[in-house]
Amino acid sequence: ELETTTYRRQSLDDKIQILEGGTEGMEYPTWLPTFHADSSFRDNRPLGSFLQAHVMPEAGGDTCFASMYAAYEELSAPMRGFLDGLHAFHSVGHMHKRHIGKPGFNLRLDPDEVPLRTPVVRVHPDTGRNFLTVNKIYTSHIDGLREDESEVLLRFLFDHIRRPEFEVRMYWNVGDVAFWDNWACQHCGVPDYQGYRKMQRISV
């Protein structure tokens with residue numbers, strides 16, 4: 001079963017998302033590179049996503065994928081023990097703050113819907129392995145901590161997730177398709193290109 005897209009950004013089927021960056025003659029895309037798991041505000045987040053390259057710039061526009069198994073396992077034992085008992089809040093409203101007022105970002109969902117409270121460390125339903133679930137786009141704060149404590153801990157975890165030893169980097173050719181585990185893996189498009197990049201995605 002395919003997930004309905006979060007935004008109404010094109011006139012295609014509501015299960016297909018078109019991701020466009022840059023325009024002809026534009027020096028660089030306008031988004032910031034941020035690792036995330038798609039729709040982590042849903043308790044039944046998509047298990048995986050397919051992404052296909054339709055138009056690629058002459059250089060750049062890669063996608064990085066980071067293992068949240070590795071990110072969890074490389075933490076110290078005391079830090080893993082501390083995180084294992086914590087919960088964090090994920091919400092579509094927190095994500096949508098980035099896009100308020102931008103053309104083409106017509107949200108299908110209610111930005112005020114109740115945030116999801118979910119463990120900072122979850123167990124993968126298929127492998128039984130622990131993985132980190134926080135991400136900068138959807139995670140607003142950690143339950144039970146003071147605001148400043150939550151901010152410091154999340155900033156550390158967001159930086160930790162980006163460590164290059166957890167990553168692989170995909171160089172795209174037109175027509176290439178990537179399929180990834182959206183629970184154990186986070187991804188990030190790299191906005192380092194000139195010109196125009198067009199991708200198509202569906203989530204399962």
# chains A, B, ... in the order shown; residues from 1 in each chain; ligands from 1
>>> select_by_dssp(residues="chain A", states="strand (DSSP E or B)", output="VMD selection string")
chain A and resid 7 17 to 21 36 48 to 55 63 to 67 87 to 90 107 116 to 119 121 to 123 130 to 132 139 to 142 167 to 170 177 to 181 185 to 189 197 to 203
>>> residues_around(residues="segment 146-159 of chain A", least_positions_apart="2", cutoff="10 Å", atoms="only C-alpha atoms", output="VMD selection string")
chain A and resid 34 to 36 71 to 72 75 83 88 132 to 136 139 to 144 161 to 163
>>> residues_around(residues="segment 48-55 of chain A", least_positions_apart="5", cutoff="6 Å", atoms="only C-alpha atoms", output="PyMOL selection string")
chain A and resi 174-182+197-204
>>> write_last_selection(atoms="all heavy atoms", output="CSV table (one decimal), in the first residue's frame")
chain,number,residue,atom,x,y,z
A,174,VAL,N,20.4,9.5,-14.8
A,174,VAL,CA,19.0,9.6,-15.1
A,174,VAL,C,18.5,8.1,-15.3
A,174,VAL,O,19.1,7.3,-15.9
A,174,VAL,CB,18.8,10.4,-16.4
A,174,VAL,CG1,17.4,10.2,-16.9
A,174,VAL,CG2,19.2,11.8,-16.2
A,175,GLY,N,17.4,7.9,-14.6
A,175,GLY,CA,16.7,6.5,-14.7
A,175,GLY,C,17.1,5.7,-13.5
A,175,GLY,O,16.4,4.7,-13.2
A,176,ASP,N,18.1,6.0,-12.7
A,176,ASP,CA,18.5,5.2,-11.6
A,176,ASP,C,17.3,5.2,-10.5
A,176,ASP,O,16.6,6.2,-10.4
A,176,ASP,CB,19.7,5.8,-10.9
A,176,ASP,CG,21.0,5.4,-11.6
A,176,ASP,OD1,21.0,4.6,-12.6
A,176,ASP,OD2,22.1,6.0,-11.3
A,177,VAL,N,17.2,4.1,-9.8
A,177,VAL,CA,16.2,3.9,-8.8
A,177,VAL,C,16.9,3.5,-7.5
A,177,VAL,O,17.7,2.6,-7.5
A,177,VAL,CB,15.1,2.9,-9.1
A,177,VAL,CG1,14.1,2.7,-8.0
A,177,VAL,CG2,14.4,3.4,-10.4
A,178,ALA,N,16.6,4.2,-6.4
A,178,ALA,CA,17.1,3.7,-5.1
A,178,ALA,C,15.8,3.3,-4.2
A,178,ALA,O,14.8,3.8,-4.3
A,178,ALA,CB,17.8,4.9,-4.3
A,179,PHE,N,16.1,2.2,-3.4
A,179,PHE,CA,15.0,1.7,-2.5
A,179,PHE,C,15.7,1.5,-1.2
A,179,PHE,O,16.7,0.9,-1.1
A,179,PHE,CB,14.4,0.4,-3.0
A,179,PHE,CG,13.4,-0.2,-2.1
A,179,PHE,CD1,12.3,0.5,-1.7
A,179,PHE,CD2,13.6,-1.5,-1.7
A,179,PHE,CE1,11.4,-0.1,-0.8
A,179,PHE,CE2,12.7,-2.1,-0.8
A,179,PHE,CZ,11.6,-1.4,-0.4
A,180,TRP,N,15.1,2.1,-0.1
A,180,TRP,CA,15.8,2.0,1.2
A,180,TRP,C,14.8,1.8,2.3
A,180,TRP,O,13.6,2.0,2.2
A,180,TRP,CB,16.6,3.3,1.5
A,180,TRP,CG,15.8,4.6,1.7
A,180,TRP,CD1,15.3,5.1,2.9
A,180,TRP,CD2,15.3,5.5,0.7
A,180,TRP,NE1,14.6,6.2,2.6
A,180,TRP,CE2,14.6,6.5,1.3
A,180,TRP,CE3,15.5,5.5,-0.7
A,180,TRP,CZ2,14.0,7.6,0.6
A,180,TRP,CZ3,14.9,6.6,-1.4
A,180,TRP,CH2,14.2,7.6,-0.8
A,181,ASP,N,15.3,1.3,3.4
A,181,ASP,CA,14.5,1.0,4.6
A,181,ASP,C,14.4,2.3,5.4
A,181,ASP,O,15.3,2.9,5.8
A,181,ASP,CB,15.3,0.0,5.5
A,181,ASP,CG,14.6,-0.4,6.7
A,181,ASP,OD1,13.9,0.4,7.3
A,181,ASP,OD2,14.8,-1.6,7.1
A,182,ASN,N,13.1,2.8,5.4
A,182,ASN,CA,12.9,4.1,6.0
A,182,ASN,C,12.8,4.1,7.5
A,182,ASN,O,12.6,5.1,8.2
A,182,ASN,CB,11.5,4.6,5.4
A,182,ASN,CG,11.3,6.1,5.8
A,182,ASN,OD1,12.1,6.9,5.6
A,182,ASN,ND2,10.1,6.3,6.4
A,197,ARG,N,17.2,19.8,-11.0
A,197,ARG,CA,17.2,18.4,-10.6
A,197,ARG,C,15.8,18.0,-10.3
A,197,ARG,O,15.0,18.7,-9.6
A,197,ARG,CB,18.0,18.2,-9.3
A,197,ARG,CG,18.1,16.8,-8.7
A,197,ARG,CD,18.9,16.8,-7.5
A,197,ARG,NE,19.1,15.6,-6.8
A,197,ARG,CZ,18.4,15.1,-5.7
A,197,ARG,NH1,17.4,15.9,-5.3
A,197,ARG,NH2,18.7,14.0,-5.1
A,198,LYS,N,15.3,16.9,-10.9
A,198,LYS,CA,13.9,16.4,-10.8
A,198,LYS,C,13.9,14.9,-10.4
A,198,LYS,O,14.5,14.1,-11.1
A,198,LYS,CB,13.1,16.7,-12.0
A,198,LYS,CG,11.7,16.3,-11.9
A,198,LYS,CD,10.9,16.6,-13.2
A,198,LYS,CE,9.5,16.2,-13.2
A,198,LYS,NZ,8.8,16.5,-14.5
A,199,MET,N,13.3,14.6,-9.3
A,199,MET,CA,13.2,13.2,-8.8
A,199,MET,C,11.7,12.8,-8.7
A,199,MET,O,10.8,13.7,-8.5
A,199,MET,CB,13.9,13.1,-7.5
A,199,MET,CG,15.3,13.7,-7.4
A,199,MET,SD,16.5,13.0,-8.4
A,199,MET,CE,16.9,11.5,-7.5
A,200,GLN,N,11.4,11.6,-8.7
A,200,GLN,CA,10.0,11.1,-8.4
A,200,GLN,C,10.1,10.0,-7.3
A,200,GLN,O,11.0,9.1,-7.3
A,200,GLN,CB,9.4,10.4,-9.7
A,200,GLN,CG,8.1,9.9,-9.4
A,200,GLN,CD,7.4,9.4,-10.7
A,200,GLN,OE1,7.0,10.2,-11.6
A,200,GLN,NE2,7.3,8.1,-10.9
A,201,ARG,N,9.2,10.1,-6.3
A,201,ARG,CA,9.3,9.2,-5.1
A,201,ARG,C,7.9,8.7,-4.8
A,201,ARG,O,6.9,9.4,-4.9
A,201,ARG,CB,9.8,10.0,-3.9
A,201,ARG,CG,10.1,9.1,-2.7
A,201,ARG,CD,10.5,9.8,-1.5
A,201,ARG,NE,9.4,10.5,-0.9
A,201,ARG,CZ,9.4,11.6,-0.1
A,201,ARG,NH1,10.6,12.0,0.3
A,201,ARG,NH2,8.3,12.1,0.4
A,202,ILE,N,7.9,7.4,-4.4
A,202,ILE,CA,6.7,6.8,-3.7
A,202,ILE,C,7.2,6.2,-2.5
A,202,ILE,O,8.3,5.7,-2.3
A,202,ILE,CB,6.0,5.8,-4.6
A,202,ILE,CG1,6.9,4.7,-5.1
A,202,ILE,CG2,5.4,6.5,-5.8
A,202,ILE,CD1,6.2,3.6,-5.8
A,203,SER,N,6.3,6.1,-1.4
A,203,SER,CA,6.6,5.5,-0.2
A,203,SER,C,5.6,4.4,0.1
A,203,SER,O,4.4,4.5,-0.2
A,203,SER,CB,6.6,6.5,1.0
A,203,SER,OG,7.6,7.5,0.8
A,204,VAL,N,6.2,3.3,0.7
A,204,VAL,CA,5.4,2.0,0.8
A,204,VAL,C,5.0,1.8,2.3
A,204,VAL,O,5.9,1.8,3.1
A,204,VAL,CB,6.2,0.8,0.3
A,204,VAL,CG1,5.4,-0.5,0.5
A,204,VAL,CG2,6.7,1.0,-1.1
>>> residues_around(residues="His90 of chain A", least_positions_apart="2", cutoff="9 Å", atoms="only C-alpha atoms", output="PyMOL selection string")
chain A and resi 39-42+88+92-95+115-118+134-135+137-141
>>> atom_distance(atom1="atom CA of Ile16 of chain A", atom2="atom CA of Asp43 of chain A")
21.1 Å
>>> atom_distance(atom1="atom CA of His187 of chain A", atom2="atom CA of Pro164 of chain A")
12.4 Å
>>> atom_distance(atom1="atom CA of Ala70 of chain A", atom2="atom CA of Leu145 of chain A")
25.2 Å
>>> select_by_dssp(residues="segment 128-192 of chain A", states="helix (DSSP H, G or I)", output="PyMOL selection string")
chain A and resi 147-161+164-166
>>> closest_residue(among="A:Phe89, A:Phe166, A:Tyr69, A:Phe82", to="Thr127 of chain A", atoms="only C-alpha atoms")
A:Tyr69
